[in-house]
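Shown next: final09.cif, given as mmCIF, C-alpha atoms and all ligand atoms.
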```
data_data
loop_
_atom_site.label_atom_id
_atom_site.label_comp_id
_atom_site.auth_asym_id
_atom_site.auth_seq_id
_atom_site.Cartn_x
_atom_site.Cartn_y
_atom_site.Cartn_z
CA MET K 1 -117.39 -43.26 6.12
CA GLY K 2 -116.43 -46.00 8.57
CA ALA K 3 -112.75 -45.60 7.74
CA ARG K 4 -112.61 -41.90 8.63
CA LEU K 5 -114.44 -42.37 11.92
CA ALA K 6 -112.26 -45.34 12.73
CA ALA K 7 -109.17 -43.15 12.47
CA TRP K 8 -110.66 -40.64 14.93
CA ALA K 9 -111.72 -43.36 17.28
CA SER K 10 -108.29 -44.95 17.42
CA ARG K 11 -106.71 -41.57 18.23
CA LEU K 12 -109.21 -41.02 21.04
CA ALA K 13 -108.89 -44.56 22.35
CA GLY K 14 -105.55 -43.79 23.97
CA ARG K 15 -107.38 -41.80 26.61
CA GLY K 16 -110.57 -42.71 28.42
CA GLY K 17 -111.20 -46.31 27.37
CA SER K 18 -113.88 -47.23 24.85
CA SER K 19 -116.75 -45.17 26.18
CA LEU K 20 -115.45 -41.71 25.24
CA PRO K 21 -114.48 -42.42 21.62
CA GLY K 22 -117.72 -44.38 21.19
CA ARG K 23 -119.75 -41.47 22.50
CA VAL K 24 -117.86 -38.99 20.34
CA ALA K 25 -118.33 -41.17 17.25
CA LEU K 26 -122.08 -41.39 17.90
CA ARG K 27 -122.28 -37.62 18.29
CA LEU K 28 -120.30 -36.93 15.10
CA ALA K 29 -122.08 -39.60 13.08
CA PRO K 30 -125.36 -40.67 14.69
CA THR K 31 -125.81 -43.37 12.03
CA VAL K 32 -122.35 -44.90 12.57
CA LEU K 33 -123.68 -48.23 13.89
CA ALA K 34 -125.94 -48.77 10.88
CA ASP K 35 -123.33 -47.50 8.40
CA VAL K 36 -120.51 -49.74 9.56
CA ALA K 37 -122.76 -52.77 10.21
CA ALA K 38 -124.06 -52.56 6.64
CA GLU K 39 -120.48 -52.86 5.34
CA ILE K 40 -119.64 -56.02 7.30
CA PRO K 41 -119.81 -58.97 4.89
CA GLY K 42 -120.27 -61.70 7.52
CA GLY K 43 -122.98 -59.79 9.36
CA VAL K 44 -123.47 -59.09 13.04
CA VAL K 45 -124.06 -61.65 15.79
CA LEU K 46 -125.70 -59.90 18.73
CA VAL K 47 -125.82 -61.56 22.16
CA THR K 48 -128.13 -60.42 24.94
CA GLY K 49 -129.91 -61.71 28.07
CA THR K 50 -129.62 -61.21 31.83
CA ASN K 51 -126.78 -63.59 32.70
CA GLY K 52 -123.93 -65.08 30.71
CA LYS K 53 -123.88 -62.74 27.74
CA THR K 54 -120.24 -61.74 28.19
CA THR K 55 -119.07 -65.35 28.31
CA THR K 56 -121.41 -66.49 25.52
CA ALA K 57 -120.28 -63.64 23.26
CA ALA K 58 -116.60 -64.35 24.05
CA LEU K 59 -117.05 -68.03 23.16
CA ALA K 60 -119.00 -67.26 19.97
CA ALA K 61 -116.36 -64.70 19.00
CA ALA K 62 -113.63 -67.31 19.47
CA GLU K 63 -115.55 -69.69 17.18
CA VAL K 64 -115.97 -67.12 14.39
CA ARG K 65 -112.30 -66.16 14.75
CA ALA K 66 -111.37 -69.83 14.45
CA ALA K 67 -112.98 -69.76 11.01
CA GLY K 68 -110.25 -67.31 10.01
CA HIS K 69 -112.35 -64.16 10.20
CA ARG K 70 -111.17 -60.82 11.51
CA ILE K 71 -113.97 -59.70 13.80
CA ALA K 72 -115.28 -56.78 15.83
CA HIS K 73 -115.97 -57.77 19.42
CA ASN K 74 -116.64 -55.72 22.56
CA ARG K 75 -114.55 -57.97 24.76
CA SER K 76 -114.69 -55.89 27.91
CA GLY K 77 -118.45 -55.98 28.35
CA ALA K 78 -118.78 -52.40 27.04
CA ASN K 79 -122.29 -53.27 25.97
CA LEU K 80 -124.12 -49.95 25.61
CA LEU K 81 -124.36 -48.06 22.28
CA PRO K 82 -120.99 -46.25 22.66
CA GLY K 83 -119.24 -49.54 23.43
CA LEU K 84 -120.82 -51.16 20.36
CA ALA K 85 -119.82 -48.21 18.15
CA PHE K 86 -116.26 -48.32 19.43
CA ALA K 87 -115.97 -52.08 18.88
CA LEU K 88 -117.03 -51.70 15.25
CA LEU K 89 -114.69 -48.77 14.59
CA GLU K 90 -111.74 -50.29 16.41
CA ALA K 91 -111.88 -53.34 14.12
CA TYR K 92 -111.96 -51.16 11.01
CA ARG K 93 -108.78 -51.15 8.94
CA PRO K 94 -108.07 -48.53 6.27
CA GLY K 95 -110.52 -49.26 3.50
CA ALA K 96 -111.72 -52.49 5.09
CA PRO K 97 -114.46 -53.23 7.57
CA PRO K 98 -114.08 -56.33 9.79
CA ASP K 99 -115.22 -59.64 8.26
CA ALA K 100 -117.82 -60.15 10.97
CA ALA K 101 -118.95 -58.79 14.34
CA VAL K 102 -119.84 -60.63 17.53
CA LEU K 103 -121.21 -58.11 20.00
CA GLU K 104 -122.73 -58.29 23.44
CA ALA K 105 -125.61 -55.84 24.06
CA ASP K 106 -127.16 -54.86 27.37
CA GLU K 107 -130.82 -55.97 27.58
CA ALA K 108 -132.07 -52.39 27.73
CA THR K 109 -129.80 -51.33 24.85
CA VAL K 110 -130.58 -54.17 22.47
CA ALA K 111 -133.92 -52.67 21.39
CA ARG K 112 -132.04 -49.60 20.13
CA ALA K 113 -129.01 -51.52 18.84
CA ALA K 114 -130.86 -54.11 16.74
CA PRO K 115 -132.60 -51.70 14.31
CA ARG K 116 -129.18 -50.16 13.59
CA LEU K 117 -127.13 -53.36 13.43
CA ARG K 118 -129.75 -55.58 11.74
CA PRO K 119 -128.21 -58.73 13.28
CA ARG K 120 -127.80 -61.91 11.28
CA LEU K 121 -128.14 -63.80 14.57
CA LEU K 122 -129.66 -62.58 17.84
CA VAL K 123 -128.61 -64.90 20.66
CA VAL K 124 -130.69 -64.67 23.86
CA THR K 125 -129.30 -66.36 26.98
CA ASN K 126 -131.95 -66.05 29.70
CA PHE K 127 -134.17 -63.66 31.64
CA PHE K 128 -133.57 -63.37 35.36
CA ARG K 129 -134.86 -60.82 37.77
CA ASP K 130 -131.78 -58.65 37.96
CA GLN K 131 -130.91 -55.07 38.80
CA LEU K 132 -134.58 -54.29 39.38
CA ASP K 133 -133.89 -50.72 40.35
CA ARG K 134 -132.36 -50.15 36.95
CA TYR K 135 -134.74 -51.90 34.60
CA GLY K 136 -138.04 -52.37 36.38
CA GLU K 137 -140.00 -55.52 35.94
CA LEU K 138 -138.85 -58.62 34.13
CA ALA K 139 -141.60 -57.96 31.59
CA THR K 140 -139.93 -54.69 30.60
CA THR K 141 -136.66 -56.48 29.86
CA VAL K 142 -138.46 -59.15 27.86
CA GLY K 143 -140.20 -56.34 25.95
CA TYR K 144 -136.86 -54.77 24.95
CA VAL K 145 -135.56 -58.05 23.56
CA ARG K 146 -138.89 -58.79 21.84
CA ALA K 147 -138.58 -55.45 20.07
CA ALA K 148 -135.05 -56.37 18.98
CA VAL K 149 -136.22 -59.69 17.50
CA GLY K 150 -138.30 -57.66 15.04
CA HIS K 151 -135.15 -56.14 13.53
CA LEU K 152 -133.18 -59.15 12.33
CA ALA K 153 -131.41 -58.92 8.97
CA ARG K 154 -133.21 -60.46 6.01
CA GLY K 155 -132.85 -64.21 6.52
CA GLY K 156 -131.61 -63.57 10.07
CA ARG K 157 -132.51 -65.86 12.96
CA ALA K 158 -132.96 -65.70 16.69
CA VAL K 159 -130.94 -68.24 18.70
CA LEU K 160 -133.06 -68.95 21.76
CA ASN K 161 -132.76 -70.84 25.03
CA ALA K 162 -135.54 -73.44 24.90
CA ASP K 163 -135.15 -74.06 28.65
CA ASP K 164 -136.15 -70.50 29.59
CA PRO K 165 -139.91 -70.10 28.98
CA GLN K 166 -139.72 -66.33 28.45
CA VAL K 167 -136.84 -66.66 25.98
CA ALA K 168 -138.44 -69.60 24.14
CA GLN K 169 -141.64 -67.62 23.73
CA LEU K 170 -139.75 -64.98 21.70
CA GLY K 171 -139.53 -67.51 18.87
CA GLU K 172 -143.24 -67.60 18.20
CA GLY K 173 -143.86 -66.76 14.55
CA ILE K 174 -140.21 -66.14 13.59
CA GLU K 175 -137.21 -68.10 12.31
CA ALA K 176 -135.54 -69.42 15.46
CA VAL K 177 -132.86 -71.91 16.41
CA TYR K 178 -133.39 -73.39 19.87
CA TYR K 179 -130.73 -74.68 22.23
CA GLY K 180 -131.00 -76.32 25.64
CA ILE K 181 -129.72 -78.93 28.05
CA GLU K 182 -130.91 -82.45 27.19
CA GLY K 183 -128.81 -84.67 29.43
CA PRO K 184 -128.57 -84.94 33.23
CA VAL K 185 -125.86 -82.39 33.97
CA SER K 186 -126.91 -80.63 37.18
CA VAL K 187 -124.24 -80.34 39.83
CA PHE K 188 -126.44 -80.23 42.92
CA GLY K 189 -129.90 -80.57 41.44
CA PRO K 190 -132.23 -77.58 41.33
CA LEU K 191 -130.67 -74.45 42.77
CA GLY K 192 -132.52 -71.28 43.57
CA ASP K 193 -136.10 -70.29 43.28
CA PRO K 194 -137.71 -70.01 39.84
CA GLY K 195 -138.97 -66.59 40.95
CA ASP K 196 -141.05 -64.43 38.64
CA ALA K 197 -140.32 -66.62 35.67
CA ARG K 198 -142.28 -69.62 36.96
CA PHE K 199 -145.51 -68.42 35.37
CA CYS K 200 -146.54 -69.02 31.77
CA PRO K 201 -145.49 -66.04 29.62
CA LYS K 202 -148.65 -66.53 27.57
CA CYS K 203 -151.50 -67.23 30.01
CA GLY K 204 -150.03 -66.71 33.48
CA THR K 205 -150.63 -70.27 34.74
CA GLU K 206 -147.88 -71.71 36.96
CA LEU K 207 -145.59 -73.81 34.76
CA VAL K 208 -144.84 -77.47 35.43
CA TYR K 209 -141.21 -78.68 35.26
CA THR K 210 -140.32 -82.32 34.57
CA VAL K 211 -136.60 -81.42 34.88
CA ARG K 212 -135.18 -78.26 36.40
CA HIS K 213 -131.46 -77.48 35.97
CA TYR K 214 -131.49 -74.31 38.00
CA ALA K 215 -133.87 -71.47 38.79
CA HIS K 216 -136.55 -71.51 36.06
CA LEU K 217 -134.42 -73.25 33.42
CA GLY K 218 -135.37 -76.78 32.47
CA ARG K 219 -138.02 -78.87 30.74
CA TRP K 220 -141.29 -77.02 31.20
CA TYR K 221 -144.85 -76.97 29.98
CA CYS K 222 -147.96 -74.96 30.73
CA PRO K 223 -150.98 -76.95 31.97
CA GLY K 224 -153.15 -73.90 31.19
CA CYS K 225 -152.64 -73.11 27.50
CA GLY K 226 -150.49 -76.12 26.53
CA ILE K 227 -147.34 -74.33 25.33
CA ARG K 228 -144.20 -76.29 26.09
CA ARG K 229 -140.44 -76.20 25.80
CA PRO K 230 -139.52 -76.40 22.11
CA THR K 231 -137.29 -79.36 21.22
CA PRO K 232 -133.83 -77.84 20.80
CA GLU K 233 -131.93 -78.36 17.54
CA ILE K 234 -128.75 -77.89 19.56
CA GLY K 235 -128.92 -79.88 22.78
CA LEU K 236 -126.23 -80.55 25.37
CA ALA K 237 -126.48 -84.32 25.71
CA GLY K 238 -123.71 -84.95 28.22
CA VAL K 239 -120.62 -83.77 30.01
CA GLY K 240 -117.61 -86.05 30.33
CA ASP K 241 -114.05 -86.12 31.62
CA GLY K 242 -114.76 -84.14 34.78
CA GLY K 243 -116.61 -81.41 32.91
CA SER K 244 -113.98 -80.87 30.24
CA VAL K 245 -115.72 -82.52 27.26
CA LEU K 246 -119.19 -81.60 26.07
CA THR K 247 -121.33 -83.80 23.86
CA VAL K 248 -123.70 -81.62 21.87
CA ARG K 249 -126.42 -82.95 19.58
CA THR K 250 -126.78 -80.96 16.37
CA PRO K 251 -128.78 -81.57 13.18
CA GLY K 252 -125.40 -82.53 11.66
CA GLY K 253 -124.65 -85.22 14.25
CA GLU K 254 -123.04 -85.35 17.68
CA TRP K 255 -120.23 -82.87 18.32
CA HIS K 256 -117.58 -83.51 20.95
CA LEU K 257 -116.13 -80.27 22.22
CA PRO K 258 -113.52 -79.22 24.79
CA PHE K 259 -114.58 -76.93 27.59
CA GLY K 260 -112.77 -75.35 30.51
CA LEU K 261 -115.23 -73.21 32.46
CA PRO K 262 -116.84 -74.36 35.73
CA GLY K 263 -120.50 -74.39 36.75
CA VAL K 264 -123.86 -75.27 35.21
CA TYR K 265 -124.35 -71.66 34.14
CA ASN K 266 -121.31 -71.93 31.90
CA LEU K 267 -122.75 -75.09 30.31
CA TYR K 268 -125.66 -72.93 29.18
CA ASN K 269 -123.23 -70.31 27.90
CA ALA K 270 -121.34 -73.01 26.01
CA VAL K 271 -124.38 -74.55 24.36
CA ALA K 272 -125.62 -71.05 23.44
CA ALA K 273 -122.28 -70.34 21.78
CA VAL K 274 -122.30 -73.71 19.99
CA ALA K 275 -125.82 -72.95 18.73
CA ALA K 276 -124.61 -69.56 17.51
CA GLY K 277 -121.68 -71.19 15.72
CA TRP K 278 -123.91 -73.80 14.10
CA ALA K 279 -126.47 -71.20 13.03
CA TYR K 280 -123.60 -69.12 11.63
CA GLY K 281 -122.65 -72.06 9.44
CA LEU K 282 -119.49 -73.22 11.22
CA ASP K 283 -118.56 -76.90 11.31
CA GLU K 284 -117.59 -79.05 14.28
CA ALA K 285 -113.83 -78.67 13.79
CA THR K 286 -114.07 -74.87 13.73
CA VAL K 287 -116.30 -74.68 16.80
CA ARG K 288 -113.92 -77.06 18.58
CA ARG K 289 -110.90 -74.89 17.76
CA GLY K 290 -112.79 -71.80 18.93
CA LEU K 291 -113.81 -73.26 22.28
CA ALA K 292 -110.31 -74.63 22.83
CA SER K 293 -108.82 -71.17 22.30
CA SER K 294 -111.26 -69.29 24.50
CA GLN K 295 -110.48 -68.01 27.96
CA ALA K 296 -112.89 -67.20 30.75
CA ALA K 297 -114.41 -63.81 30.06
CA PHE K 298 -113.85 -60.91 32.40
CA GLY K 299 -114.99 -61.62 35.95
CA ARG K 300 -116.04 -65.17 35.13
CA MET K 301 -113.69 -67.20 37.35
CA GLU K 302 -110.34 -65.74 36.43
CA GLN K 303 -107.24 -67.51 37.71
CA ILE K 304 -104.58 -65.17 39.06
CA THR K 305 -101.16 -65.61 40.62
CA TYR K 306 -100.48 -62.71 42.96
CA ARG K 307 -97.16 -62.61 44.80
CA GLY K 308 -96.90 -66.36 44.51
CA ARG K 309 -100.40 -67.03 45.79
CA GLU K 310 -103.18 -68.74 43.85
CA LEU K 311 -106.37 -66.71 43.48
CA ARG K 312 -109.66 -67.21 41.67
CA LEU K 313 -111.77 -64.17 40.94
CA ALA K 314 -115.45 -64.40 39.98
CA LEU K 315 -118.12 -61.73 39.71
CA VAL K 316 -121.33 -62.17 41.73
CA LYS K 317 -124.27 -59.98 40.80
CA ASN K 318 -127.57 -61.74 41.47
CA PRO K 319 -128.85 -64.77 43.40
CA THR K 320 -128.71 -67.23 40.52
CA GLY K 321 -125.23 -66.20 39.46
CA PHE K 322 -124.01 -66.29 43.07
CA ASN K 323 -125.44 -69.81 43.57
CA GLN K 324 -123.67 -71.03 40.47
CA VAL K 325 -120.35 -69.45 41.45
CA LEU K 326 -120.61 -71.09 44.90
CA ALA K 327 -121.36 -74.44 43.23
CA ALA K 328 -118.24 -74.00 41.11
CA VAL K 329 -116.16 -73.18 44.21
CA ALA K 330 -117.57 -76.30 45.92
CA ALA K 331 -116.42 -78.41 42.98
CA ASP K 332 -112.80 -77.62 43.98
CA PRO K 333 -112.13 -80.17 46.77
CA ARG K 334 -109.17 -78.30 48.34
CA PRO K 335 -109.54 -76.35 51.60
CA LYS K 336 -109.67 -72.69 50.70
CA THR K 337 -110.16 -69.10 51.79
CA VAL K 338 -113.31 -67.40 50.51
CA VAL K 339 -113.49 -63.60 50.31
CA VAL K 340 -116.88 -62.04 49.53
CA ALA K 341 -116.87 -58.33 48.64
CA ILE K 342 -120.28 -56.65 48.49
CA ASN K 343 -120.73 -53.06 47.31
CA ASP K 344 -124.02 -51.24 46.79
CA LEU K 345 -123.11 -48.51 44.30
CA ASP K 346 -125.37 -47.80 41.29
CA ALA K 347 -123.73 -50.38 39.03
CA ASP K 348 -124.11 -53.06 41.71
CA GLY K 349 -127.74 -52.24 42.47
CA ARG K 350 -128.44 -50.16 45.56
CA ASP K 351 -130.54 -52.81 47.26
CA VAL K 352 -128.57 -55.71 48.74
CA SER K 353 -131.63 -57.68 49.89
CA TRP K 354 -130.92 -60.08 46.99
CA LEU K 355 -128.26 -61.66 49.23
CA TRP K 356 -131.17 -63.25 51.10
CA ASP K 357 -132.17 -65.11 47.91
CA VAL K 358 -128.73 -66.74 47.60
CA ASP K 359 -128.85 -70.33 48.84
CA PHE K 360 -126.07 -70.01 51.46
CA GLU K 361 -127.92 -72.46 53.74
CA THR K 362 -127.31 -75.33 51.31
CA LEU K 363 -124.04 -74.17 49.85
CA TRP K 364 -121.76 -72.79 52.55
CA PRO K 365 -121.12 -76.17 54.26
CA ARG K 366 -120.15 -77.71 50.87
CA LEU K 367 -117.59 -75.07 50.03
CA GLY K 368 -114.72 -76.43 52.12
CA ALA K 369 -113.91 -72.88 53.20
CA ALA K 370 -111.36 -72.90 56.01
CA HIS K 371 -112.10 -69.24 56.59
CA TRP K 372 -114.44 -66.53 55.26
CA TRP K 373 -113.60 -62.89 54.80
CA VAL K 374 -116.42 -60.46 54.11
CA THR K 375 -115.58 -57.00 52.87
CA GLY K 376 -116.93 -54.11 50.80
CA LEU K 377 -119.28 -51.25 51.58
CA ARG K 378 -121.96 -53.71 52.72
CA ALA K 379 -119.67 -56.21 54.45
CA ARG K 380 -121.90 -56.21 57.53
CA ASP K 381 -125.02 -57.21 55.57
CA MET K 382 -123.06 -60.08 54.07
CA ALA K 383 -121.78 -61.15 57.49
CA VAL K 384 -125.33 -61.18 58.88
CA ARG K 385 -126.49 -63.23 55.91
CA LEU K 386 -123.73 -65.85 56.39
CA LYS K 387 -124.31 -65.98 60.14
CA TYR K 388 -128.02 -66.51 59.56
CA ALA K 389 -127.18 -69.39 57.18
CA GLY K 390 -125.32 -71.08 60.05
CA CYS K 391 -121.71 -70.16 59.27
CA PRO K 392 -119.86 -69.94 62.65
CA VAL K 393 -118.75 -66.44 63.58
CA ASP K 394 -115.24 -67.62 64.54
CA ARG K 395 -114.65 -68.71 60.93
CA MET K 396 -115.46 -65.28 59.58
CA THR K 397 -113.55 -61.99 59.49
CA VAL K 398 -115.42 -58.78 58.70
CA HIS K 399 -113.37 -56.07 56.99
CA ASP K 400 -115.76 -53.18 56.54
CA GLY K 401 -115.13 -50.62 53.79
CA ASP K 402 -113.02 -50.59 50.62
CA PRO K 403 -113.00 -54.06 49.08
CA ASP K 404 -109.41 -53.82 47.80
CA ARG K 405 -108.15 -53.26 51.34
CA GLY K 406 -110.31 -56.14 52.54
CA VAL K 407 -108.87 -58.47 49.92
CA LEU K 408 -105.30 -57.39 50.67
CA ALA K 409 -105.93 -57.97 54.39
CA ALA K 410 -107.21 -61.47 53.62
CA LEU K 411 -104.13 -62.20 51.51
CA ALA K 412 -101.78 -60.82 54.16
CA ASP K 413 -103.40 -63.14 56.70
CA GLY K 414 -101.89 -66.12 54.87
CA GLY K 415 -104.74 -68.62 55.32
CA ALA K 416 -105.71 -71.61 53.20
CA GLU K 417 -105.04 -71.51 49.47
CA PRO K 418 -106.49 -71.10 46.86
CA VAL K 419 -108.19 -67.83 47.72
CA TYR K 420 -111.57 -67.39 46.04
CA VAL K 421 -112.53 -63.72 45.72
CA LEU K 422 -116.22 -63.13 44.94
CA PRO K 423 -117.00 -59.42 44.44
CA THR K 424 -119.98 -57.47 43.11
CA TYR K 425 -119.36 -55.40 39.97
CA THR K 426 -117.79 -52.22 41.38
CA ALA K 427 -115.92 -54.23 44.02
CA LEU K 428 -114.47 -56.35 41.21
CA LEU K 429 -113.25 -53.24 39.39
CA THR K 430 -111.56 -51.97 42.57
CA VAL K 431 -110.05 -55.33 43.46
CA ARG K 432 -108.86 -55.99 39.94
CA ARG K 433 -107.00 -52.67 39.83
CA VAL K 434 -104.80 -53.89 42.70
CA PHE K 435 -103.79 -56.90 40.61
CA GLU K 436 -103.41 -54.79 37.47
CA ARG K 437 -100.93 -52.52 39.21
CA GLN K 438 -98.86 -55.59 40.09
CA GLY K 439 -99.11 -56.89 36.53
CA ALA K 440 -100.94 -60.00 37.73
CA VAL K 441 -103.85 -59.39 35.33
CA ARG K 442 -104.23 -57.47 32.11
CA PRO K 443 -106.29 -54.29 32.35
CA PHE K 444 -109.62 -54.34 30.57
CA ARG K 445 -111.40 -51.47 28.89
CA GLU K 446 -114.35 -50.12 30.74
CA GLY K 447 -117.49 -49.23 28.86
ZN ZN Q 1 -149.95 -70.96 29.46
#
```

For the structure just supplied, provide its representation as C-alpha cells.
Ligand SMILES: [Zn+2]
Amino acid sequence: MGARLAAWASRLAGRGGSSLPGRVALRLAPTVLADVAAEIPGGVVLVTGTNGKTTTAALAAAEVRAAGHRIAHNRSGANLLPGLAFALLEAYRPGAPPDAAVLEADEATVARAAPRLRPRLLVVTNFFRDQLDRYGELATTVGYVRAAVGHLARGGRAVLNADDPQVAQLGEGIEAVYYGIEGPVSVFGPLGDPGDARFCPKCGTELVYTVRHYAHLGRWYCPGCGIRRPTPEIGLAGVGDGGSVLTVRTPGGEWHLPFGLPGVYNLYNAVAAVAAGWAYGLDEATVRRGLASSQAAFGRMEQITYRGRELRLALVKNPTGFNQVLAAVAADPRPKTVVVAINDLDADGRDVSWLWDVDFETLWPRLGAAHWWVTGLRARDMAVRLKYAGCPVDRMTVHDGDPDRGVLAALADGGAEPVYVLPTYTALLTVRRVFERQGAVRPFREG
C-alpha cells in the first residue's frame, strides 16, 4: 500500500514541490496517513504549537537520526495534511517504511492529523496569539490541540511546556512529560506582554508569575483555583560558554549538551527537543550527537554569504518572535545593517497592527544598527513604527514595494556588515529566491 503510493509520489515530486504529490496521494488514498503511520515501527513524533515548531521538530529529528534511524520528516515546514502525507511517502523505500517519523503539524491541522497518525509523542511548544485572522481566538487553537491529545497511540505521551499555562493544562488527566526553564537564562528579562494568555485557563483569574522568561512563559500559579506550573521532568538548569552549552536536568541525571542557536525562544525549542528525545528513550550521548549535527531550521537565523558579504536571515511573524529575533541581533556586538521586510499577504496575516506590539522602544537602541532599511509591501507602516519608537529618520531608508528589490538595494548600498534581514513569511520566500538563484542558499520545498 505505502510502497505503491510512494512510487507515485516520488515521480510527482519532481514538479510542484511537496504539496501537489501530497494532495494527489490523499485524493487517491484518503487513508494514506493512517496506513503508512501504522507501518512505522518507531512510531510518529508530532510537534505542534504557535512558535518554534519547525526548529523543535528539526532538532528532535536530528536526535532520532543520531540513534541510527531512517526517518520521515517534513523539513521545509510543509505542515498541513498534504505535506505530512508527502513526508511519509518520500521516506518510504521499496518494501520498507521509515523507522520513525518526526513531523511538524500546523495547530489547525493537528486535530485532523493526530487521529490518523496516532502519535507516540505529541510535543506542544506554546500558544501565542498569532495569525488571528486565520485561526480566530487563542481558545480555538488550544481546542484543536486538546482534540489531538485525545488521539495518542496506546502508551503514547504528550510532551508539554510547563511554563505555558495553556499548554501545561493539556496534561490534566493524561500521561504527560513536562519540560521548562528552571535556571536564570533570560537575556533582557521579561520581554513582551503576556497578552491573552495571562489568565488562568481553568477559572479565568489573572495568573501570578514568580519568574517570567518572556511573554506568558515562566513560573506561574493561579491565586483563584490554585493550579500551578507543573514541576518539569526535563528542566533547563543553565546555559554556559556564551550560550553554546546547555545543562538540562533529566530524571536520569544532568545532561550537558551543545547548542548553536541564538535567543531565549530557541532555548525553549532546545529543551522541548531534549524532552522529546528523552521521552522517546534516547540517551544523553545520542541527544548530544543530534543537537551537534543540527542546523538552524528554515528562516530561523540562517547565515548566508552573498557575493562576499555576510548576511543573517531570520523570519519575523508575530510580536513575541520579533522581540526574540531582535534580542538575538542585539547579542551580536558588531555594528550592523538591519533590513526589515514587512508584507501583508494572506500567509503573513493581512493586519500589520501587530508591529505595534513589538517592543522596538526597548530594543532598537540595543541593536547596534548603523543603519535601518525598511522594505516590503508595508514598508511605510514599519517606518512609522520605528520612528514612533524613537529611531532617527536619518538612520532609516524606506524602500517601498517588493522586498527582494529592497534587500538588494540595501546590499548595493554597502553599509555596515553583517546585514541582518528580518522578513515576514512571504517576504522571506521572495528574498530567499534571490539567494537561491545565486546558489548562496539551498532551495527548500514549499508546502
Ligand atoms: Zn485558576

Step by step, measure atom-to-atom distances between ligand ZN 1 (chain Q) and each residue using only C-alpha atoms and all ligand atoms, keep those at most 9 Å, then write them as a PDB file with C-alpha atoms, keeping the file's coordinate frame.
```pdb
ATOM      1  CA  PHE K 199    -145.510 -68.420  35.370  1.00  0.00           C
ATOM      2  CA  CYS K 200    -146.540 -69.020  31.770  1.00  0.00           C
ATOM      3  CA  PRO K 201    -145.490 -66.040  29.620  1.00  0.00           C
ATOM      4  CA  LYS K 202    -148.650 -66.530  27.570  1.00  0.00           C
ATOM      5  CA  CYS K 203    -151.500 -67.230  30.010  1.00  0.00           C
ATOM      6  CA  GLY K 204    -150.030 -66.710  33.480  1.00  0.00           C
ATOM      7  CA  THR K 205    -150.630 -70.270  34.740  1.00  0.00           C
ATOM      8  CA  GLU K 206    -147.880 -71.710  36.960  1.00  0.00           C
ATOM      9  CA  LEU K 207    -145.590 -73.810  34.760  1.00  0.00           C
ATOM     10  CA  TYR K 221    -144.850 -76.970  29.980  1.00  0.00           C
ATOM     11  CA  CYS K 222    -147.960 -74.960  30.730  1.00  0.00           C
ATOM     12  CA  PRO K 223    -150.980 -76.950  31.970  1.00  0.00           C
ATOM     13  CA  GLY K 224    -153.150 -73.900  31.190  1.00  0.00           C
ATOM     14  CA  CYS K 225    -152.640 -73.110  27.500  1.00  0.00           C
ATOM     15  CA  GLY K 226    -150.490 -76.120  26.530  1.00  0.00           C
ATOM     16  CA  ILE K 227    -147.340 -74.330  25.330  1.00  0.00           C
ATOM     17  CA  ARG K 228    -144.200 -76.290  26.090  1.00  0.00           C
TER      18      ARG K 228
END
```

K:Ala62, K:Leu81, K:Ile181, K:Val340 ranked by distance to K:His213, top pick (using all atoms listed in the file):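 The closest residue to K:His213 is K:Ile181.
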
Counting all atoms listed in the file, which residue out of K:Gly43, K:Gly150, K:Gly183, K:Gly376 sits closest to K:Leu103?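 For K:Leu103, the nearest of the given residues is K:Gly43.
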
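Among the candidates K:Glu302, K:Glu90, K:Glu284, K:Glu39, the residue lying nearest to K:Ala25 is K:Glu90 (atoms considered: only C-alpha atoms).
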
Please report the interatomic distance between atom CA of K:Pro333 and atom CA of K:Val239 in Å with one decimal.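 Between these atoms lies a distance of 19.1 Å.
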
What's around K:Val384 at 12 Å? Count only C-alpha atoms, leave out sequence neighbours fewer than 2 positions away in its own chain, and write the answer as a ChimeraX atom specification. /K:352-353,355-356,360,374,378-382,386-393,396-398

Can you tell me which residues surround K:Thr210 at a distance of at most 7 Å, considering only C-alpha atoms, apart from same-chain residues fewer than 2 positions away, and format the answer as an NGL selection string? :K and (208 or 212 or 219-220)

Can you work out the spacing between atom CA of K:Ser19 and atom CA of K:Gly83 in Å, to one decimal? 5.7 Å

Which one of K:Ala111, K:Val434, K:Val123, K:Ala91 sits closest to K:Gly171 if you count only C-alpha atoms?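 With only C-alpha atoms as the atom set, the closest residue is K:Val123.
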
Kindly indicate which residue among K:Val264, K:Leu170, K:Leu408, K:Val274 lies nearest to K:Val248, using all atoms listed in the file for the distances.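 Using all atoms listed in the file, the shortest distance to K:Val248 belongs to K:Val274.
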
What separates atom CA of K:Asn269 and atom CA of K:Ala57 is a distance of 8.6 Å

Of the listed residues K:Glu310, K:Asp106, K:Asp35, K:Asp332, that which approaches K:Ala148 most closely, counting all atoms listed in the file: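 Result for the nearest residue to K:Ala148: K:Asp106.
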